[in-house]
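*Asks:* What follows is upload-v6.pdb, PDB, C-alpha atoms.
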MODEL        1
ATOM      1  CA  THR J 997       0.000   0.000   0.000
ATOM      2  CA  THR J 998       1.308   3.481  -0.750
ATOM      3  CA  ARG J 999       0.124   6.881   0.409
ATOM      4  CA  TRP J1000       1.402  10.451  -0.010
ATOM      5  CA  ASN J1001       2.098  12.369   3.144
ATOM      6  CA  ARG J1002       3.552  15.754   3.951
ATOM      7  CA  TRP J1003       5.298  17.071   7.038
ATOM      8  CA  ARG J1004       3.198  19.923   8.318
ATOM      9  CA  ARG J1005       3.832  22.605  10.824
ATOM     10  CA  ASP J1006       1.454  22.389  13.747
ATOM     11  CA  ALA J1007      -1.960  23.914  13.071
ATOM     12  CA  LEU J1008      -1.268  26.864  15.381
ATOM     13  CA  TYR J1009       1.371  28.164  12.928
ATOM     14  CA  HIS J1010      -1.115  28.449  10.077
ATOM     15  CA  ASP J1011      -2.729  31.400  11.839
ATOM     16  CA  MET J1012       0.539  33.207  12.598
ATOM     17  CA  GLU J1013       1.688  36.112  10.510
ATOM     18  CA  ASP J1014       5.337  35.110  10.761
ATOM     19  CA  ILE J1015       6.477  34.991   7.109
ATOM     20  CA  GLU J1016       9.580  32.959   7.940
ATOM     21  CA  MET J1017       7.480  30.117   9.392
ATOM     22  CA  GLN J1018       4.948  30.134   6.576
ATOM     23  CA  GLU J1019       7.657  29.867   3.937
ATOM     24  CA  ALA J1020       9.374  26.930   5.613
ATOM     25  CA  PRO J1021       9.802  24.024   3.187
ATOM     26  CA  TYR J1022       7.555  20.993   3.373
ATOM     27  CA  ARG J1023       8.892  17.493   3.057
ATOM     28  CA  ASP J1024       6.818  15.402   0.669
ATOM     29  CA  ARG J1025       7.066  11.672   1.282
ATOM     30  CA  LEU J1026       5.526   8.583  -0.236
ATOM     31  CA  TRP J1027       4.663   6.011   2.456
ATOM     32  CA  VAL J1028       4.955   2.317   1.603
ATOM     33  CA  THR J1029       3.885  -0.662   3.728
ATOM     34  CA  GLY J1030       5.023  -4.240   3.463
ATOM     35  CA  PHE J1031       4.599  -7.550   5.263
ATOM     36  CA  SER J1032       5.865 -11.111   5.237
ATOM     37  CA  LEU J1033       4.606 -14.494   6.361
ATOM     38  CA  ALA J1034       8.015 -15.282   7.843
ATOM     39  CA  SER J1035       8.686 -12.004   9.681
ATOM     40  CA  ARG J1036       7.361 -10.999  13.100
ATOM     41  CA  ARG J1037       7.118  -7.343  12.086
ATOM     42  CA  GLY J1038       5.665  -5.246   9.349
ATOM     43  CA  MET J1039       7.488  -2.685   7.262
ATOM     44  CA  ILE J1040       6.571   0.997   7.032
ATOM     45  CA  LYS J1041       8.971   3.049   4.912
ATOM     46  CA  SER J1042       8.921   6.497   3.367
ATOM     47  CA  VAL J1043      10.592   7.833   0.245
ATOM     48  CA  ASP J1044      11.378  11.548   0.088
ATOM     49  CA  ILE J1045      10.194  12.632  -3.354
ATOM     50  CA  HIS J1046      12.821  15.376  -3.646
ATOM     51  CA  ASP J1047      16.008  13.458  -2.934
ATOM     52  CA  GLY J1048      14.917   9.780  -2.911
ATOM     53  CA  HIS J1049      15.991   9.279   0.710
ATOM     54  CA  ILE J1050      14.362   6.157   2.195
ATOM     55  CA  ASP J1051      13.433   6.323   5.865
ATOM     56  CA  THR J1052      11.566   4.009   8.206
ATOM     57  CA  VAL J1053       9.552   4.158  11.390
ATOM     58  CA  ASN J1054      11.494   3.080  14.471
ATOM     59  CA  PRO J1055      11.874  -0.635  15.339
ATOM     60  CA  ARG J1056       9.414  -0.327  18.243
ATOM     61  CA  SER J1057       6.657   0.860  15.894
ATOM     62  CA  GLU J1058       7.478  -1.804  13.305
ATOM     63  CA  SER J1059       7.385  -4.570  15.929
ATOM     64  CA  MET J1060       3.911  -3.467  17.106
ATOM     65  CA  ILE J1061       2.449  -3.562  13.597
ATOM     66  CA  LEU J1062       2.702  -7.089  12.149
ATOM     67  CA  TRP J1063       0.827  -6.726   8.834
ATOM     68  CA  PRO J1064       0.365  -3.045   7.922
ATOM     69  CA  ASN J1065      -2.263  -2.468   5.272
ATOM     70  CA  GLU J1066      -3.341   1.072   4.455
ATOM     71  CA  VAL J1067      -1.624   4.200   5.777
ATOM     72  CA  ASN J1068      -3.457   7.534   6.071
ATOM     73  CA  SER J1069      -2.517  10.925   7.495
ATOM     74  CA  VAL J1070      -3.958  12.113  10.774
ATOM     75  CA  PRO J1071      -5.709  15.485  10.279
ATOM     76  CA  ALA J1072      -3.563  18.444  11.351
ATOM     77  CA  SER J1073      -6.366  19.707  13.591
ATOM     78  CA  LEU J1074      -5.837  16.645  15.821
ATOM     79  CA  LEU J1075      -2.089  17.262  16.175
ATOM     80  CA  ARG J1076      -2.060  20.581  18.006
ATOM     81  CA  THR J1077       0.842  21.280  20.333
ATOM     82  CA  PRO J1078      -0.222  23.517  23.223
ATOM     83  CA  ASN J1079       1.243  26.987  22.752
ATOM     84  CA  HIS J1080       0.554  28.248  26.241
ATOM     85  CA  VAL J1081       1.030  27.214  29.855
ATOM     86  CA  GLY J1082      -1.231  29.164  32.153
ATOM     87  CA  HIS J1083      -1.270  32.740  30.864
ATOM     88  CA  ARG J1084       2.153  32.631  29.140
ATOM     89  CA  GLN J1085       2.420  32.202  25.389
ATOM     90  CA  TYR J1086       5.217  30.069  23.948
ATOM     91  CA  ARG J1087       6.383  29.563  20.379
ATOM     92  CA  PHE J1088       7.853  26.328  19.131
ATOM     93  CA  PRO J1089       9.426  27.280  15.791
ATOM     94  CA  GLU J1090      11.192  23.949  15.235
ATOM     95  CA  THR J1091       8.241  21.725  16.124
ATOM     96  CA  MET J1092       7.011  19.668  13.200
ATOM     97  CA  GLN J1093       3.890  17.594  13.679
ATOM     98  CA  ASP J1094       2.871  14.648  11.570
ATOM     99  CA  ALA J1095       1.132  11.348  12.239
ATOM    100  CA  LEU J1096       0.044   8.255  10.374
ATOM    101  CA  LEU J1097      -3.071   6.161  10.873
ATOM    102  CA  VAL J1098      -2.155   2.535  10.119
ATOM    103  CA  SER J1099      -4.587  -0.369   9.589
ATOM    104  CA  ASP J1100      -3.062  -3.702  10.595
ATOM    105  CA  GLY J1101      -3.710  -7.447  10.336
ATOM    106  CA  PHE J1102      -4.813 -10.081   7.862
ATOM    107  CA  LEU J1103      -6.565 -13.454   7.790
ATOM    108  CA  VAL J1104      -3.271 -15.383   7.747
ATOM    109  CA  PRO J1105      -2.787 -17.355  11.003
ATOM    110  CA  GLY J1106      -0.521 -15.425  13.335
ATOM    111  CA  LYS J1107      -1.371 -12.120  11.646
ATOM    112  CA  ASP J1108      -5.118 -12.153  12.384
ATOM    113  CA  ARG J1109      -4.883 -10.056  15.564
ATOM    114  CA  GLY J1110      -4.625  -6.614  14.025
ATOM    115  CA  GLY J1111      -5.332  -3.090  15.124
ATOM    116  CA  ILE J1112      -5.607   0.571  14.249
ATOM    117  CA  TYR J1113      -2.420   2.438  15.170
ATOM    118  CA  VAL J1114      -1.360   6.078  15.278
ATOM    119  CA  VAL J1115       2.347   6.682  14.655
ATOM    120  CA  LYS J1116       3.166  10.268  15.645
ATOM    121  CA  ASN J1117       6.214  11.951  14.095
ATOM    122  CA  PRO J1118       7.043   8.889  11.959
ATOM    123  CA  GLY J1119      10.679   8.538  11.008
ATOM    124  CA  ASN J1120      11.861  10.912  13.765
ATOM    125  CA  GLU J1121      14.086   8.796  15.988
ATOM    126  CA  ASN J1122      13.814  11.230  18.929
ATOM    127  CA  SER J1123      10.087  11.941  19.071
ATOM    128  CA  GLU J1124       8.288   9.089  17.261
ATOM    129  CA  TRP J1125       5.758   7.164  19.310
ATOM    130  CA  SER J1126       3.016   4.697  18.459
ATOM    131  CA  ILE J1127      -0.227   3.775  20.135
ATOM    132  CA  CYS J1128      -2.824   1.126  19.355
ATOM    133  CA  LEU J1129      -6.349   2.583  19.305
ATOM    134  CA  THR J1130      -7.978  -0.864  19.407
ATOM    135  CA  ASN J1131      -7.629  -3.645  21.959
ATOM    136  CA  PRO J1132      -4.995  -6.042  20.608
ATOM    137  CA  PHE J1133      -5.390  -8.402  23.580
ATOM    138  CA  GLY J1134      -9.191  -8.659  23.600
ATOM    139  CA  LYS J1135     -11.153 -11.851  23.114
ATOM    140  CA  ASN J1136     -12.165 -10.914  19.574
ATOM    141  CA  GLN J1137      -9.339 -11.027  17.062
ATOM    142  CA  TRP J1138     -10.163  -8.374  14.479
ATOM    143  CA  PHE J1139      -7.943  -7.375  11.598
ATOM    144  CA  TYR J1140      -8.269  -4.069   9.799
ATOM    145  CA  HIS J1141      -7.849  -3.300   6.106
ATOM    146  CA  ARG J1142      -8.714   0.356   5.920
ATOM    147  CA  ALA J1143      -9.376   3.312   8.215
ATOM    148  CA  VAL J1144     -10.363   6.844   7.208
ATOM    149  CA  TRP J1145     -11.076  10.046   9.114
ATOM    150  CA  MET J1146     -14.520  11.599   8.698
ATOM    151  CA  ASP J1147     -17.208  13.494  10.564
ATOM    152  CA  LEU J1148     -19.720  10.694  11.220
ATOM    153  CA  THR J1149     -22.132  12.615  13.451
ATOM    154  CA  GLY J1150     -22.169  16.082  11.874
ATOM    155  CA  ASP J1151     -20.665  17.698  14.984
ATOM    156  CA  GLY J1152     -17.461  18.816  13.234
ATOM    157  CA  ARG J1153     -15.273  16.297  15.087
ATOM    158  CA  GLN J1154     -13.297  13.712  13.141
ATOM    159  CA  SER J1155     -13.979  10.032  13.835
ATOM    160  CA  ILE J1156     -12.413   6.900  12.393
ATOM    161  CA  LEU J1157     -14.445   4.725  10.035
ATOM    162  CA  THR J1158     -12.828   1.345   9.440
ATOM    163  CA  ALA J1159     -13.277  -1.914   7.541
ATOM    164  CA  ARG J1160     -12.492  -4.886   9.737
ATOM    165  CA  ALA J1161     -13.013  -8.644   9.766
ATOM    166  CA  LYS J1162     -12.206 -11.687  11.881
ATOM    167  CA  LEU J1163     -11.780 -15.398  11.433
ATOM    168  CA  ARG J1164     -14.428 -17.764  12.721
ATOM    169  CA  LYS J1165     -12.979 -20.193  15.181
TER
ENDMDL
END
Starting from the file, lay out its structure as structure tokens.

*Replies:*
Amino acid sequence: TTRWNRWRRDALYHDMEDIEMQEAPYRDRLWVTGFSLASRRGMIKSVDIHDGHIDTVNPRSESMILWPNEVNSVPASLLRTPNHVGHRQYRFPETMQDALLVSDGFLVPGKDRGGIYVVKNPGNENSEWSICLTNPFGKNQWFYHRAVWMDLTGDGRQSILTARAKLRK
């Protein structure tokens, strides 16, 4: 599965009038997922479209996700970094925010316990972290092929709509 993604400055910078921040370059990347019957981890790589540099998520994230299917971006509005503590305003000019939504699992034995994962700051060895949004240790073993962000209730808040399945035992 492949998906375009772009490093974005945090949403709070879009409203700032600071020309220097608004003209900062973006980093366009193509995300690619892979999997293997023999491996205990999935593969999530990115290719920088400007220089061809290939990067990967950290080994911890790859070991959590055994059979990555589709990769989607997390909306920038959900990635806000607080810009104030109490009444003081702070600016974080070097902070880049990005996150992937990864659907995981397949019907192959050993890969049928999937999940929906968020990988924040993918490819950044210092600040990348991953979290499973589903219960990977529950009684039901679901696997997920696709997950998309959308407003399901009309309240303006983004929810995740997913396609999932499980094996009958």

*Asks:* Using the chain letters and residue numbers of this document, give as a list in words the residues selected by the PyMOL selection byres ((chain J and resi 1049) around 12).

*Replies:*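 With the PyMOL selection byres ((chain J and resi 1049) around 12) on this model, the match is Arg1023, Asp1024, Arg1025, Leu1026, Trp1027, Lys1041, Ser1042, Val1043, Asp1044, Ile1045, His1046, Asp1047, Gly1048, Ile1050, Asp1051, Thr1052 and Gly1119 of chain J.
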
*Asks:* Could you write those residues out with C-alpha atoms, as a short mmCIF file (atom, residue, chain, number, x, y, z; two decimals), in the frame of the given file?

*Replies:*
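What follows is the written file selection-v4.cif:
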data_model
loop_
_atom_site.label_atom_id
_atom_site.label_comp_id
_atom_site.auth_asym_id
_atom_site.auth_seq_id
_atom_site.Cartn_x
_atom_site.Cartn_y
_atom_site.Cartn_z
CA ARG J 1023 8.89 17.49 3.06
CA ASP J 1024 6.82 15.40 0.67
CA ARG J 1025 7.07 11.67 1.28
CA LEU J 1026 5.53 8.58 -0.24
CA TRP J 1027 4.66 6.01 2.46
CA LYS J 1041 8.97 3.05 4.91
CA SER J 1042 8.92 6.50 3.37
CA VAL J 1043 10.59 7.83 0.24
CA ASP J 1044 11.38 11.55 0.09
CA ILE J 1045 10.19 12.63 -3.35
CA HIS J 1046 12.82 15.38 -3.65
CA ASP J 1047 16.01 13.46 -2.93
CA GLY J 1048 14.92 9.78 -2.91
CA ILE J 1050 14.36 6.16 2.19
CA ASP J 1051 13.43 6.32 5.86
CA THR J 1052 11.57 4.01 8.21
CA GLY J 1119 10.68 8.54 11.01
#

*Asks:* Pick the closest to J:Gly1110 from J:Arg1056, J:His1141, J:Arg1153, J:Arg1036: which is it, counting all atoms listed in the file?

*Replies:*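 Answer, going by the shortest atom-to-atom distance: J:His1141.
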
*Asks:* Between J:Met1060, J:Val1098, J:Val1053, J:Leu1129, which residue has the minimum interatomic distance to J:Arg1037, considering all atoms listed in the file?

*Replies:*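 Ranking J:Met1060, J:Val1098, J:Val1053, J:Leu1129 by distance to J:Arg1037, first place goes to J:Met1060.
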
*Asks:* Check what the PyMOL selection byres ((chain J and resi 1096) around 10) selects in the file above and give those residues as a ChimeraX atom specification.

*Replies:* /J:1001,1027,1066-1071,1094-1095,1097-1099,1113-1118,1126

*Asks:* Mind dumping the selected residues with C-alpha atoms as a PDB file, keeping the file's coordinate frame?

*Replies:*
ATOM      1  CA  ASN J1001       2.098  12.369   3.144  1.00  0.00           C
ATOM      2  CA  TRP J1027       4.663   6.011   2.456  1.00  0.00           C
ATOM      3  CA  GLU J1066      -3.341   1.072   4.455  1.00  0.00           C
ATOM      4  CA  VAL J1067      -1.624   4.200   5.777  1.00  0.00           C
ATOM      5  CA  ASN J1068      -3.457   7.534   6.071  1.00  0.00           C
ATOM      6  CA  SER J1069      -2.517  10.925   7.495  1.00  0.00           C
ATOM      7  CA  VAL J1070      -3.958  12.113  10.774  1.00  0.00           C
ATOM      8  CA  PRO J1071      -5.709  15.485  10.279  1.00  0.00           C
ATOM      9  CA  ASP J1094       2.871  14.648  11.570  1.00  0.00           C
ATOM     10  CA  ALA J1095       1.132  11.348  12.239  1.00  0.00           C
ATOM     11  CA  LEU J1097      -3.071   6.161  10.873  1.00  0.00           C
ATOM     12  CA  VAL J1098      -2.155   2.535  10.119  1.00  0.00           C
ATOM     13  CA  SER J1099      -4.587  -0.369   9.589  1.00  0.00           C
ATOM     14  CA  TYR J1113      -2.420   2.438  15.170  1.00  0.00           C
ATOM     15  CA  VAL J1114      -1.360   6.078  15.278  1.00  0.00           C
ATOM     16  CA  VAL J1115       2.347   6.682  14.655  1.00  0.00           C
ATOM     17  CA  LYS J1116       3.166  10.268  15.645  1.00  0.00           C
ATOM     18  CA  ASN J1117       6.214  11.951  14.095  1.00  0.00           C
ATOM     19  CA  PRO J1118       7.043   8.889  11.959  1.00  0.00           C
ATOM     20  CA  SER J1126       3.016   4.697  18.459  1.00  0.00           C
TER      21      SER J1126
END

*Asks:* Would you mind telling me which residue in J:Gln1154, J:Asn1054, J:Phe1031, J:Ala1159 lies nearest to J:Asn1122 when using all atoms listed in the file?

*Replies:*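 For J:Asn1122, the nearest of the given residues is J:Asn1054.
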
*Asks:* Do you know which residues are at most 12 Å from J:Arg1164 counting only C-alpha atoms, after dropping those on the same chain fewer than 6 positions away, and could you put them as a VMD selection string?

*Replies:* chain J and resid 1103 1105 1108 1136 to 1138

*Asks:* Using only C-alpha atoms, find the one residue out of J:Gly1134, J:Gly1030, J:Gly1150, J:Pro1055 that sits nearest to J:Arg1109.

*Replies:*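 Nearest candidate to J:Arg1109 out of J:Gly1134, J:Gly1030, J:Gly1150, J:Pro1055: J:Gly1134.
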
*Asks:* If you measure from atom CA of J:Ser1057 to atom CA of J:Gly1038, what distance in Å do you get, rounded to one decimal?

*Replies:*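 Value for the atom CA of J:Ser1057-atom CA of J:Gly1038 distance: 9.0 Å.
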
*Asks:* Record the distance separating atom CA of J:Lys1162 and atom CA of J:Glu1058, expressed in Å with one decimal.

*Replies:*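 Computed distance, atom CA of J:Lys1162 to atom CA of J:Glu1058, equals 22.1 Å.
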
*Asks:* With a distance cut-off of 8 Å and all atoms listed in the file, select the neighbouring residues of J:Tyr1140, excluding the residue or stretch itself and same-chain residues fewer than 4 positions from it, and output the selection as a PyMOL selection string.

*Replies:* chain J and resi 1065+1099-1102+1110-1112+1158-1161

*Asks:* Rounded to one decimal place, report the atom CA of J:Lys1107-atom CA of J:Ser1155 distance in Å.

*Replies:*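 Distance between the two atoms: 25.6 Å.
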
*Asks:* Which centre and which edge lengths, in Å to one decimal, describe the axis-aligned box that holds all listed atoms of stretch 1043-1053 of chain J after 6 Å is added on each side, as lines of an AutoDock Vina configuration file?

*Replies:*
center_x = 12.8
center_y = 9.7
center_z = 3.9
size_x = 18.5
size_y = 23.4
size_z = 27.0
